[in-house]
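Have a look at upload16.txt; it's compact mmCIF, C-alpha atoms:
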```txt
# COMPACT_ATOMS: atom_id res chain seq x y z
CA MET L 167 134.80 78.22 130.77
CA ALA L 168 134.90 77.06 127.15
CA THR L 169 135.53 79.86 124.68
CA THR L 170 135.51 77.86 121.47
CA PRO L 171 132.31 77.96 119.39
CA LEU L 172 129.86 75.14 119.84
CA PRO L 173 129.88 72.51 117.10
CA PRO L 174 127.03 72.99 114.62
CA PHE L 175 123.77 71.21 115.32
CA PRO L 176 121.84 69.55 112.48
CA PRO L 177 119.97 71.73 109.95
CA GLY L 178 116.49 72.61 111.13
CA PHE L 179 117.41 72.17 114.80
CA LEU L 180 114.84 74.06 116.89
CA TRP L 181 116.17 76.54 119.47
CA GLY L 182 113.86 77.95 122.12
CA VAL L 183 113.20 79.01 125.68
CA SER L 184 110.50 77.86 128.11
CA THR L 185 108.23 79.36 130.76
CA SER L 186 105.02 78.37 132.54
CA ALA L 187 101.82 80.31 133.12
CA HIS L 188 101.57 80.20 136.91
CA GLN L 189 105.19 81.19 137.31
CA ILE L 190 105.11 84.34 135.18
CA GLU L 191 101.62 85.52 134.21
CA GLY L 192 100.17 87.05 137.36
CA ALA L 193 96.74 88.65 136.71
CA VAL L 194 95.16 86.35 139.27
CA ASP L 195 91.80 88.15 139.00
CA GLU L 196 91.64 87.35 135.29
CA ARG L 197 91.46 83.59 135.87
CA ASP L 198 89.77 81.06 138.09
CA PRO L 199 91.56 79.69 141.18
CA SER L 200 94.02 76.83 140.91
CA VAL L 201 95.34 74.29 143.38
CA TRP L 202 98.47 76.42 143.57
CA ASP L 203 96.50 79.44 144.79
CA ALA L 204 95.03 77.35 147.60
CA PHE L 205 98.42 75.82 148.43
CA THR L 206 100.17 79.19 148.48
CA ALA L 207 97.53 80.59 150.84
CA GLU L 208 98.44 77.99 153.49
CA PRO L 209 101.02 79.43 155.93
CA GLY L 210 104.47 77.93 155.61
CA ARG L 211 103.96 76.33 152.22
CA ILE L 212 106.07 78.86 150.27
CA LYS L 213 109.51 79.44 151.77
CA ASP L 214 109.55 83.22 151.38
CA GLY L 215 105.80 83.61 151.99
CA SER L 216 105.22 84.99 148.49
CA THR L 217 102.46 84.36 145.96
CA ALA L 218 102.22 84.26 142.19
CA ASN L 219 99.40 86.82 142.12
CA VAL L 220 101.62 89.24 140.18
CA ALA L 221 104.73 87.14 139.44
CA CYS L 222 106.37 88.74 136.36
CA ASP L 223 103.06 90.28 135.21
CA HIS L 224 103.59 88.63 131.84
CA TYR L 225 99.81 88.86 131.28
CA HIS L 226 100.13 92.62 130.88
CA ARG L 227 103.75 92.73 129.66
CA TYR L 228 103.71 89.94 127.08
CA ARG L 229 104.57 92.32 124.23
CA GLU L 230 107.75 93.35 126.04
CA ASP L 231 108.60 89.70 126.64
CA VAL L 232 107.97 88.72 123.02
CA ALA L 233 110.30 91.53 121.99
CA LEU L 234 112.95 89.92 124.20
CA LEU L 235 112.34 86.62 122.40
CA ARG L 236 112.65 88.29 119.01
CA ASP L 237 115.87 90.03 119.97
CA LEU L 238 117.25 86.80 121.43
CA GLY L 239 116.74 85.12 118.07
CA VAL L 240 115.02 81.92 119.23
CA GLY L 241 112.94 79.94 116.80
CA ALA L 242 110.33 78.90 119.36
CA TYR L 243 108.78 79.86 122.68
CA ARG L 244 107.39 77.17 124.95
CA PHE L 245 104.74 78.58 127.29
CA SER L 246 101.84 76.99 129.11
CA VAL L 247 98.15 77.66 128.74
CA ALA L 248 96.72 78.05 132.24
CA TRP L 249 93.73 75.72 132.51
CA PRO L 250 92.14 78.01 135.18
CA ARG L 251 92.42 80.94 132.76
CA VAL L 252 90.73 78.97 129.99
CA THR L 253 87.78 78.21 132.30
CA HIS L 254 87.45 81.92 133.11
CA GLU L 255 85.24 83.99 130.84
CA GLY L 256 87.35 85.38 128.02
CA GLY L 257 90.46 83.62 129.29
CA LEU L 258 91.52 82.33 125.89
CA ASP L 259 91.61 85.89 124.57
CA PHE L 260 95.00 86.37 126.24
CA TYR L 261 96.51 83.39 124.44
CA ASP L 262 95.01 84.64 121.18
CA ARG L 263 96.91 87.89 121.65
CA LEU L 264 100.10 86.14 122.75
CA VAL L 265 100.11 83.76 119.78
CA ASP L 266 99.46 86.61 117.36
CA GLU L 267 102.36 88.56 118.85
CA LEU L 268 104.68 85.55 118.61
CA CYS L 269 103.74 84.88 115.00
CA ALA L 270 104.33 88.53 114.11
CA ALA L 271 107.78 88.28 115.72
CA GLY L 272 108.67 85.16 113.76
CA VAL L 273 108.73 82.95 116.89
CA ARG L 274 106.94 79.59 116.82
CA PRO L 275 104.38 79.27 119.64
CA VAL L 276 104.69 75.94 121.49
CA PRO L 277 101.94 75.72 124.10
CA THR L 278 101.95 73.23 126.96
CA LEU L 279 98.39 72.36 127.95
CA PHE L 280 99.08 71.53 131.60
CA HIS L 281 101.93 72.77 133.77
CA TRP L 282 100.72 71.87 137.29
CA ASP L 283 98.10 74.64 137.77
CA LEU L 284 95.04 72.40 138.04
CA PRO L 285 91.73 74.26 138.43
CA LEU L 286 90.62 74.23 142.05
CA GLY L 287 87.98 71.56 142.54
CA LEU L 288 89.56 69.04 140.17
CA ASP L 289 91.65 66.16 141.50
CA TRP L 290 94.06 63.86 139.63
CA LEU L 291 93.04 61.06 141.98
CA GLU L 292 89.74 61.08 140.10
CA ARG L 293 89.65 59.40 136.70
CA ASP L 294 87.20 61.97 135.35
CA THR L 295 89.91 64.66 135.49
CA ALA L 296 91.58 62.96 132.51
CA ALA L 297 88.41 63.37 130.45
CA ARG L 298 88.08 66.96 131.59
CA PHE L 299 91.64 67.59 130.41
CA ALA L 300 90.78 66.25 126.96
CA ASP L 301 87.94 68.80 126.83
CA HIS L 302 90.43 71.50 127.80
CA ALA L 303 92.76 70.42 124.99
CA ALA L 304 89.90 70.49 122.51
CA ALA L 305 88.91 74.01 123.55
CA VAL L 306 92.46 75.33 123.21
CA VAL L 307 93.16 73.74 119.83
CA ASP L 308 89.82 74.99 118.52
CA ARG L 309 90.87 78.55 119.37
CA LEU L 310 94.61 78.49 118.58
CA GLY L 311 95.03 75.63 116.14
CA ASP L 312 95.01 77.84 113.05
CA ARG L 313 98.32 79.40 114.18
CA VAL L 314 99.91 76.75 116.43
CA ASP L 315 101.61 73.78 114.77
CA THR L 316 103.46 72.28 117.76
CA TRP L 317 101.79 71.02 120.94
CA ILE L 318 102.80 69.67 124.36
CA THR L 319 100.23 67.88 126.48
CA LEU L 320 101.69 67.66 130.00
CA ASN L 321 104.71 69.00 131.82
CA GLU L 322 106.54 66.72 134.26
CA PRO L 323 103.79 64.42 135.53
CA ALA L 324 106.49 62.71 137.61
CA GLU L 325 107.19 65.83 139.69
CA HIS L 326 103.51 66.70 139.94
CA THR L 327 102.86 63.20 141.28
CA LEU L 328 105.86 62.97 143.59
CA LEU L 329 106.07 66.50 144.96
CA GLY L 330 102.37 67.37 144.91
CA HIS L 331 100.72 64.12 145.90
CA ALA L 332 103.29 61.77 147.45
CA LEU L 333 105.44 64.14 149.54
CA GLY L 334 103.21 67.22 149.91
CA ALA L 335 105.95 69.71 148.98
CA HIS L 336 103.96 71.16 146.05
CA ALA L 337 100.28 71.75 145.41
CA PRO L 338 97.89 70.24 146.23
CA GLY L 339 100.02 69.29 149.23
CA LYS L 340 98.99 65.66 149.69
CA GLN L 341 101.28 63.16 151.42
CA LEU L 342 100.07 59.87 150.01
CA LEU L 343 103.42 58.20 149.29
CA PHE L 344 102.68 55.16 147.07
CA ASP L 345 98.95 55.79 147.21
CA ALA L 346 99.70 58.65 144.81
CA LEU L 347 100.27 56.20 141.94
CA PRO L 348 96.72 56.73 140.53
CA VAL L 349 97.73 60.39 140.00
CA ALA L 350 100.47 59.25 137.66
CA HIS L 351 98.12 56.93 135.79
CA HIS L 352 95.37 59.51 135.38
CA GLN L 353 97.83 62.11 134.09
CA LEU L 354 99.18 59.64 131.54
CA LEU L 355 95.61 58.78 130.53
CA ALA L 356 94.91 62.50 130.20
CA HIS L 357 97.88 62.78 127.88
CA GLY L 358 96.58 60.03 125.62
CA LEU L 359 93.05 61.45 125.54
CA ALA L 360 94.47 64.90 124.75
CA VAL L 361 96.55 63.48 121.89
CA ARG L 362 93.36 62.02 120.45
CA ALA L 363 91.49 65.31 120.89
CA LEU L 364 94.28 67.29 119.24
CA ARG L 365 94.50 64.89 116.29
CA ALA L 366 90.71 64.91 115.91
CA ALA L 367 91.00 68.69 115.45
CA GLY L 368 93.64 68.25 112.75
CA ALA L 369 96.65 69.08 114.94
CA GLY L 370 100.02 67.39 114.48
CA ASN L 371 103.54 67.65 115.85
CA ILE L 372 102.44 66.59 119.34
CA GLY L 373 104.74 65.72 122.22
CA ILE L 374 105.00 65.60 126.01
CA ALA L 375 107.56 67.15 128.40
CA ASN L 376 108.69 64.43 130.81
CA SER L 377 111.46 64.96 133.35
CA HIS L 378 114.24 62.39 133.33
CA GLY L 379 117.74 61.91 134.70
CA PRO L 380 120.20 59.07 135.17
CA THR L 381 120.00 57.15 138.43
CA TRP L 382 123.39 56.20 139.86
CA PRO L 383 123.69 53.45 142.50
CA ALA L 384 125.51 54.62 145.63
CA SER L 385 127.78 51.55 145.41
CA ASP L 386 128.00 48.17 143.72
CA ARG L 387 126.38 46.48 146.71
CA PRO L 388 123.24 44.54 145.63
CA GLU L 389 121.02 46.48 148.04
CA ASP L 390 122.15 49.83 146.60
CA ILE L 391 121.69 48.62 143.04
CA ALA L 392 118.19 47.34 143.86
CA ALA L 393 117.24 50.65 145.50
CA ALA L 394 118.55 52.64 142.52
CA ASP L 395 116.61 50.41 140.12
CA PHE L 396 113.42 51.00 142.11
CA TYR L 397 113.97 54.77 142.10
CA ASP L 398 114.63 54.68 138.35
CA VAL L 399 111.31 52.92 137.82
CA LEU L 400 109.44 55.57 139.84
CA LEU L 401 111.03 58.65 138.31
CA ASN L 402 111.85 57.51 134.79
CA ARG L 403 110.29 54.29 133.55
CA LEU L 404 106.88 54.78 135.19
CA PHE L 405 106.35 57.73 132.88
CA ALA L 406 108.26 56.62 129.77
CA ASP L 407 107.44 52.93 129.43
CA PRO L 408 103.64 53.33 129.09
CA LEU L 409 104.07 56.06 126.48
CA LEU L 410 106.76 54.37 124.43
CA LEU L 411 106.22 50.65 125.06
CA GLY L 412 102.52 50.52 125.90
CA ARG L 413 103.12 48.85 129.26
CA TYR L 414 104.06 49.69 132.83
CA PRO L 415 107.24 48.41 134.47
CA GLU L 416 106.82 45.08 136.23
CA GLY L 417 104.75 45.29 139.40
CA ILE L 418 103.26 48.74 138.74
CA ALA L 419 100.05 47.90 136.85
CA GLU L 420 98.76 45.83 139.78
CA MET L 421 98.84 48.97 141.95
CA LEU L 422 96.70 51.06 139.60
CA PRO L 423 92.91 51.49 139.38
CA GLY L 424 90.55 50.65 136.55
CA ASP L 425 91.05 48.86 133.25
CA VAL L 426 94.79 49.42 133.02
CA ASP L 427 95.24 47.39 129.82
CA GLY L 428 92.50 49.37 128.11
CA ASP L 429 93.91 52.65 129.36
CA LEU L 430 97.38 51.76 128.09
CA LYS L 431 96.04 51.65 124.54
CA VAL L 432 95.08 55.31 124.99
CA ILE L 433 98.23 56.29 126.87
CA ALA L 434 100.42 54.85 124.11
CA GLU L 435 98.87 56.96 121.34
CA PRO L 436 101.88 57.71 119.13
CA VAL L 437 103.54 61.09 119.65
CA ASP L 438 105.55 62.90 117.01
CA TRP L 439 108.43 63.65 119.37
CA TYR L 440 109.38 63.01 122.98
CA GLY L 441 110.24 65.94 125.23
CA ILE L 442 112.79 65.54 128.01
CA ASN L 443 113.41 68.02 130.83
CA TYR L 444 116.88 67.41 132.23
CA TYR L 445 118.56 69.03 135.23
CA GLN L 446 120.68 66.52 137.16
CA PRO L 447 121.43 62.86 137.86
CA THR L 448 120.50 61.27 141.20
CA LYS L 449 122.60 58.97 143.39
CA VAL L 450 120.48 56.42 145.22
CA GLY L 451 121.21 53.75 147.81
CA ALA L 452 119.44 51.42 150.19
CA PRO L 453 117.19 53.02 152.83
CA GLU L 454 119.04 54.36 155.84
CA GLY L 455 116.17 54.48 158.31
CA THR L 456 116.20 58.26 158.80
CA GLU L 457 114.64 61.27 157.11
CA ILE L 458 116.81 62.70 154.33
CA GLU L 459 117.13 66.27 153.12
CA PHE L 460 117.33 66.35 149.32
CA SER L 461 117.03 69.45 147.10
CA GLY L 462 115.13 71.25 149.80
CA LEU L 463 112.80 68.30 150.44
CA THR L 464 112.52 66.08 153.48
CA LEU L 465 112.21 62.51 152.23
CA PRO L 466 110.45 60.18 154.67
CA ALA L 467 112.40 57.38 156.31
CA GLU L 468 109.90 54.73 155.19
CA LEU L 469 110.82 55.06 151.50
CA PRO L 470 112.57 51.94 150.10
CA PHE L 471 115.57 53.98 148.97
CA SER L 472 117.68 56.91 150.12
CA VAL L 473 118.99 59.76 147.97
CA ARG L 474 122.69 60.50 148.48
CA GLU L 475 124.83 63.54 147.80
CA ILE L 476 126.76 63.52 144.52
CA GLU L 477 130.27 64.70 145.33
CA GLY L 478 133.02 66.02 143.11
CA TYR L 479 130.94 68.35 140.94
CA PRO L 480 130.08 72.05 141.19
CA VAL L 481 126.55 72.84 142.31
CA THR L 482 124.01 75.49 141.37
CA ASP L 483 122.52 77.97 143.84
CA PHE L 484 119.78 75.36 144.28
CA GLY L 485 122.42 72.84 145.37
CA TRP L 486 121.94 70.69 142.26
CA PRO L 487 125.09 69.01 140.90
CA VAL L 488 126.22 70.22 137.47
CA VAL L 489 126.92 67.09 135.42
CA PRO L 490 126.65 67.77 131.68
CA ALA L 491 127.91 64.30 130.72
CA ALA L 492 124.88 62.80 132.47
CA LEU L 493 122.71 64.32 129.71
CA THR L 494 124.64 62.33 127.11
CA GLU L 495 124.30 59.25 129.33
CA LEU L 496 120.55 59.80 129.68
CA LEU L 497 119.91 60.21 125.96
CA THR L 498 122.05 57.30 124.80
CA GLY L 499 120.44 55.20 127.53
CA PHE L 500 116.97 56.09 126.22
CA ARG L 501 118.07 55.15 122.70
CA ASP L 502 119.39 51.82 123.92
CA ARG L 503 116.33 51.04 126.07
CA TYR L 504 113.58 52.05 123.66
CA GLY L 505 115.20 51.57 120.26
CA ASP L 506 112.89 52.34 117.36
CA ARG L 507 110.02 53.00 119.78
CA LEU L 508 111.71 56.27 120.77
CA PRO L 509 110.56 59.10 118.50
CA PRO L 510 112.75 62.15 117.84
CA VAL L 511 113.74 63.84 121.10
CA VAL L 512 113.46 67.50 122.07
CA ILE L 513 115.07 68.86 125.25
CA THR L 514 112.08 70.83 126.50
CA GLU L 515 113.84 72.19 129.61
CA ASN L 516 117.45 72.58 130.71
CA GLY L 517 118.72 75.33 132.97
CA CYS L 518 120.03 76.35 136.37
CA SER L 519 119.58 78.76 139.25
CA TYR L 520 122.25 81.42 139.79
CA GLU L 521 122.19 84.97 141.08
CA GLY L 522 123.51 88.07 139.36
CA LEU L 523 123.42 89.81 136.00
CA ASP L 524 126.95 88.70 135.12
CA ASP L 525 125.93 85.07 135.40
CA ARG L 526 129.05 83.35 134.12
CA GLU L 527 128.11 80.13 135.93
CA ARG L 528 124.91 79.90 133.88
CA ILE L 529 126.90 80.38 130.69
CA ALA L 530 129.26 77.58 131.70
CA PHE L 531 126.30 75.36 132.58
CA LEU L 532 124.53 75.91 129.25
CA ASP L 533 127.73 75.62 127.24
CA GLY L 534 128.60 72.33 128.90
CA HIS L 535 125.13 70.88 128.44
CA LEU L 536 124.94 71.89 124.79
CA ARG L 537 128.26 70.14 124.17
CA ALA L 538 126.92 67.08 125.98
CA LEU L 539 123.78 67.25 123.85
CA HIS L 540 125.87 67.41 120.71
CA ALA L 541 127.78 64.34 121.89
CA ALA L 542 124.45 62.49 122.05
CA VAL L 543 123.66 63.61 118.51
CA ASP L 544 127.09 62.36 117.39
CA ALA L 545 126.28 59.05 119.10
CA GLY L 546 123.22 58.66 116.93
CA VAL L 547 120.40 60.02 119.11
CA ASP L 548 117.82 61.85 116.99
CA VAL L 549 117.60 65.17 118.85
CA ARG L 550 115.53 67.86 117.12
CA GLY L 551 115.53 70.80 119.53
CA TYR L 552 116.63 72.44 122.78
CA PHE L 553 114.75 74.84 125.08
CA VAL L 554 116.46 76.77 127.90
CA TRP L 555 114.64 77.06 131.21
CA SER L 556 113.85 79.89 131.50
CA LEU L 557 113.35 83.17 129.66
CA LEU L 558 112.56 85.08 132.87
CA ASP L 559 113.32 84.85 136.56
CA ASN L 560 110.01 83.75 138.04
CA PHE L 561 107.97 82.30 140.90
CA GLU L 562 109.87 79.08 141.58
CA TRP L 563 106.98 77.15 143.15
CA ALA L 564 107.58 76.30 146.84
CA GLU L 565 110.84 78.28 146.76
CA GLY L 566 108.95 81.50 145.98
CA TYR L 567 111.24 84.10 144.40
CA ALA L 568 114.44 82.83 146.02
CA ARG L 569 115.73 81.04 142.91
CA ARG L 570 116.57 82.73 139.62
CA PHE L 571 116.54 80.54 136.51
CA GLY L 572 116.09 83.30 133.92
CA LEU L 573 118.20 84.53 131.04
CA VAL L 574 116.48 87.82 131.86
CA HIS L 575 116.56 89.34 135.35
CA VAL L 576 113.24 90.51 136.78
CA ASP L 577 113.15 93.17 139.48
CA TYR L 578 110.09 92.03 141.40
CA ALA L 579 109.53 95.48 142.91
CA THR L 580 109.41 97.31 139.57
CA LEU L 581 108.96 94.34 137.18
CA ALA L 582 111.76 95.77 135.03
CA ARG L 583 113.42 93.24 132.74
CA THR L 584 117.21 93.27 132.31
CA PRO L 585 118.95 90.76 130.01
CA LYS L 586 121.79 88.95 131.75
CA ALA L 587 125.18 88.00 130.33
CA SER L 588 123.72 84.54 129.60
CA TYR L 589 121.03 86.12 127.41
CA ARG L 590 123.68 87.81 125.30
CA TRP L 591 125.76 84.62 125.20
CA PHE L 592 122.79 82.52 124.04
CA ARG L 593 121.94 85.15 121.41
CA ASP L 594 125.47 84.84 120.06
CA VAL L 595 125.21 81.03 120.05
CA LEU L 596 122.01 81.20 118.01
CA ARG L 597 123.63 83.54 115.51
CA GLU L 598 126.62 81.21 115.18
CA GLN L 599 124.33 78.20 114.70
CA ALA L 600 122.42 80.09 112.01
CA GLY L 601 125.68 80.90 110.23
CA GLY L 602 125.43 84.58 111.04
```
Go through the file and emit its structure as structure tokens.
Amino acid sequence: MATTPLPPFPPGFLWGVSTSAHQIEGAVDERDPSVWDAFTAEPGRIKDGSTANVACDHYHRYREDVALLRDLGVGAYRFSVAWPRVTHEGGLDFYDRLVDELCAAGVRPVPTLFHWDLPLGLDWLERDTAARFADHAAAVVDRLGDRVDTWITLNEPAEHTLLGHALGAHAPGKQLLFDALPVAHHQLLAHGLAVRALRAAGAGNIGIANSHGPTWPASDRPEDIAAADFYDVLLNRLFADPLLLGRYPEGIAEMLPGDVDGDLKVIAEPVDWYGINYYQPTKVGAPEGTEIEFSGLTLPAELPFSVREIEGYPVTDFGWPVVPAALTELLTGFRDRYGDRLPPVVITENGCSYEGLDDRERIAFLDGHLRALHAAVDAGVDVRGYFVWSLLDNFEWAEGYARRFGLVHVDYATLARTPKASYRWFRDVLREQAGG
């Protein structure tokens, strides 16, 4: 493990941590149902049979959690505003209190307007859901806009499309394969409409949190390269090209509903910064004709690619390869692909799953990725901020409570919070970066 101090990041660099509402808030009776409540209620959907009804009980313990943020020394806290809580009577009152507490602690509130917990009864296959999301954005900015100066529209529409609608591993549990593409389009349209709604209310400093990672061909054989290119389109370019270039990758627009050209004008509304969630690269080859187990998922044999194991690197408790240099590769690749169409970048999520309070592996992971991030800055990528995933151990979607991503340990029986070694390490990093 590196013991030398990290090189200094540019002045004004924003340091933060991230969470999401469904994973930590609990207080299920204080909001309307979401697609995740319905999904969780289906037997066998969540690996440990748990629910997020209580989770970390952040709804009632937010003051304690904001105190952890203050003591950590972060400049910003990225949280999500649960759409089903906003539709519930008085639901925005909680976010009023949370934002006030953050401001009093000197921590910038950075709300994400959608992090997968769609209100039950709405469907991203329906175009109208995009318009409904714009109304949601307008309601939130009307209430919080006097204290919030940084906004995120969507979190990881790629994963919500792939895992929730193509493969059925996440809510709402649909297995549509390529018929899920309208879900991607409608989420991107929702983003553009929300940007317009936020700007109409006077908001600025707007971004999105898209997940991205390098795609590595399994070999230099033409069929492996073609499969990797196709995977890269689905997981990376499908969600970046429309936002940054105003067009879909070749062959995609023909598979989408409605007036795609007209919608692209909305989707490509300029953002002030581009958020990237990075966890790992992916090795991809030609289809092998059999089902494949990948990161806990069973990928169908009929997909036109196969995901292969990346060997020669340590792995997290989730089995994900730890490849810090791939973050540098990703960011310099984005710079090269999008040029001056790429706005300043913020790493809106980066983290790992490990057990234990003395989580030295997490420290090594974060240290390595921050050095890789600094290498991208040195290479000329305009990176403005970095958010660790996550502040707290939490409900890890279909994994239940089996994976721990937090800087702070949560005892799910007592809900006691205990800072881990990584929390103290990150606190020291922030002090060093501030010159303290």
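Residue nearest Gly239 of chain L, chosen from L:Gly601, L:Leu404, L:Asp559, L:Asp594 and counting all atoms listed in the file: L:Asp594.
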Which residues, written as a compact mmCIF listing (two decimals) with C-alpha atoms, keeping the file's coordinate frame, have at least one atom at most 12 Å from Phe175 of chain L, with all atoms listed in the file counted and residues fewer than 6 positions away on the same chain left out?
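Listed below is the output, part.txt:
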```txt
# COMPACT_ATOMS: atom_id res chain seq x y z
CA TRP L 181 116.17 76.54 119.47
CA LEU L 536 124.94 71.89 124.79
CA ARG L 537 128.26 70.14 124.17
CA ALA L 538 126.92 67.08 125.98
CA LEU L 539 123.78 67.25 123.85
CA HIS L 540 125.87 67.41 120.71
CA ALA L 541 127.78 64.34 121.89
CA ALA L 542 124.45 62.49 122.05
CA VAL L 543 123.66 63.61 118.51
CA ASP L 544 127.09 62.36 117.39
CA ASP L 548 117.82 61.85 116.99
CA VAL L 549 117.60 65.17 118.85
CA ARG L 550 115.53 67.86 117.12
CA GLY L 551 115.53 70.80 119.53
CA TYR L 552 116.63 72.44 122.78
CA VAL L 595 125.21 81.03 120.05
CA LEU L 596 122.01 81.20 118.01
CA GLU L 598 126.62 81.21 115.18
CA GLN L 599 124.33 78.20 114.70
CA ALA L 600 122.42 80.09 112.01
CA GLY L 601 125.68 80.90 110.23
```
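The nearest approach to Glu521 of chain L among the residues L:Phe245, L:Trp591, L:Phe571, L:Phe205, with all atoms listed in the file taken into account, belongs to L:Phe571.
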* Selection: 6 Å around segment 408-420 of chain L, only C-alpha atoms, excl. self and same-chain fewer than 3 positions, as a count of residues only -> 4
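With only C-alpha atoms as the atoms that count, the minimum distance from Pro490 of chain L to the choices L:Leu532, L:Val194, L:Ala207, L:Val450 is reached by L:Leu532.
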Export: segment 553-564 of chain L, N, CA, C and O atoms, as an mmCIF file, in the first residue's frame:
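That gives us selection_36.cif:
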```cif
data_model
loop_
_atom_site.group_PDB
_atom_site.id
_atom_site.type_symbol
_atom_site.label_atom_id
_atom_site.label_comp_id
_atom_site.auth_asym_id
_atom_site.auth_seq_id
_atom_site.Cartn_x
_atom_site.Cartn_y
_atom_site.Cartn_z
ATOM 1 N N PHE L 553 -16.175 11.911 -5.820
ATOM 2 C CA PHE L 553 -17.076 11.462 -4.756
ATOM 3 C C PHE L 553 -16.852 9.971 -4.505
ATOM 4 O O PHE L 553 -16.931 9.161 -5.440
ATOM 5 N N VAL L 554 -16.600 9.607 -3.254
ATOM 6 C CA VAL L 554 -16.467 8.197 -2.877
ATOM 7 C C VAL L 554 -17.862 7.578 -2.753
ATOM 8 O O VAL L 554 -18.782 8.183 -2.188
ATOM 9 N N TRP L 555 -18.014 6.382 -3.278
ATOM 10 C CA TRP L 555 -19.184 5.560 -2.966
ATOM 11 C C TRP L 555 -18.728 4.522 -1.944
ATOM 12 O O TRP L 555 -17.903 3.686 -2.265
ATOM 13 N N SER L 556 -19.208 4.614 -0.712
ATOM 14 C CA SER L 556 -20.314 5.411 -0.248
ATOM 15 C C SER L 556 -20.011 5.848 1.183
ATOM 16 O O SER L 556 -19.089 5.331 1.818
ATOM 17 N N LEU L 557 -20.786 6.797 1.690
ATOM 18 C CA LEU L 557 -20.605 7.185 3.087
ATOM 19 C C LEU L 557 -20.885 6.007 4.014
ATOM 20 O O LEU L 557 -20.099 5.722 4.921
ATOM 21 N N LEU L 558 -22.005 5.319 3.789
ATOM 22 C CA LEU L 558 -22.482 4.282 4.706
ATOM 23 C C LEU L 558 -22.586 2.921 4.007
ATOM 24 O O LEU L 558 -22.927 2.845 2.819
ATOM 25 N N ASP L 559 -22.330 1.856 4.751
ATOM 26 C CA ASP L 559 -22.808 0.551 4.305
ATOM 27 C C ASP L 559 -24.317 0.655 4.093
ATOM 28 O O ASP L 559 -25.012 1.384 4.829
ATOM 29 N N ASN L 560 -24.856 -0.079 3.119
ATOM 30 C CA ASN L 560 -26.265 0.148 2.813
ATOM 31 C C ASN L 560 -26.887 -1.055 2.116
ATOM 32 O O ASN L 560 -26.245 -2.080 1.918
ATOM 33 N N PHE L 561 -28.149 -0.916 1.755
ATOM 34 C CA PHE L 561 -28.889 -1.928 1.005
ATOM 35 C C PHE L 561 -28.354 -1.932 -0.422
ATOM 36 O O PHE L 561 -28.574 -0.988 -1.180
ATOM 37 N N GLU L 562 -27.626 -2.971 -0.782
ATOM 38 C CA GLU L 562 -26.943 -3.018 -2.073
ATOM 39 C C GLU L 562 -27.820 -3.721 -3.109
ATOM 40 O O GLU L 562 -27.479 -4.765 -3.673
ATOM 41 N N TRP L 563 -29.026 -3.154 -3.317
ATOM 42 C CA TRP L 563 -29.937 -3.587 -4.354
ATOM 43 C C TRP L 563 -30.187 -5.093 -4.303
ATOM 44 O O TRP L 563 -30.547 -5.599 -3.249
ATOM 45 N N ALA L 564 -30.014 -5.826 -5.378
ATOM 46 C CA ALA L 564 -30.344 -7.256 -5.391
ATOM 47 C C ALA L 564 -29.453 -8.077 -4.483
ATOM 48 O O ALA L 564 -29.786 -9.216 -4.145
#
```
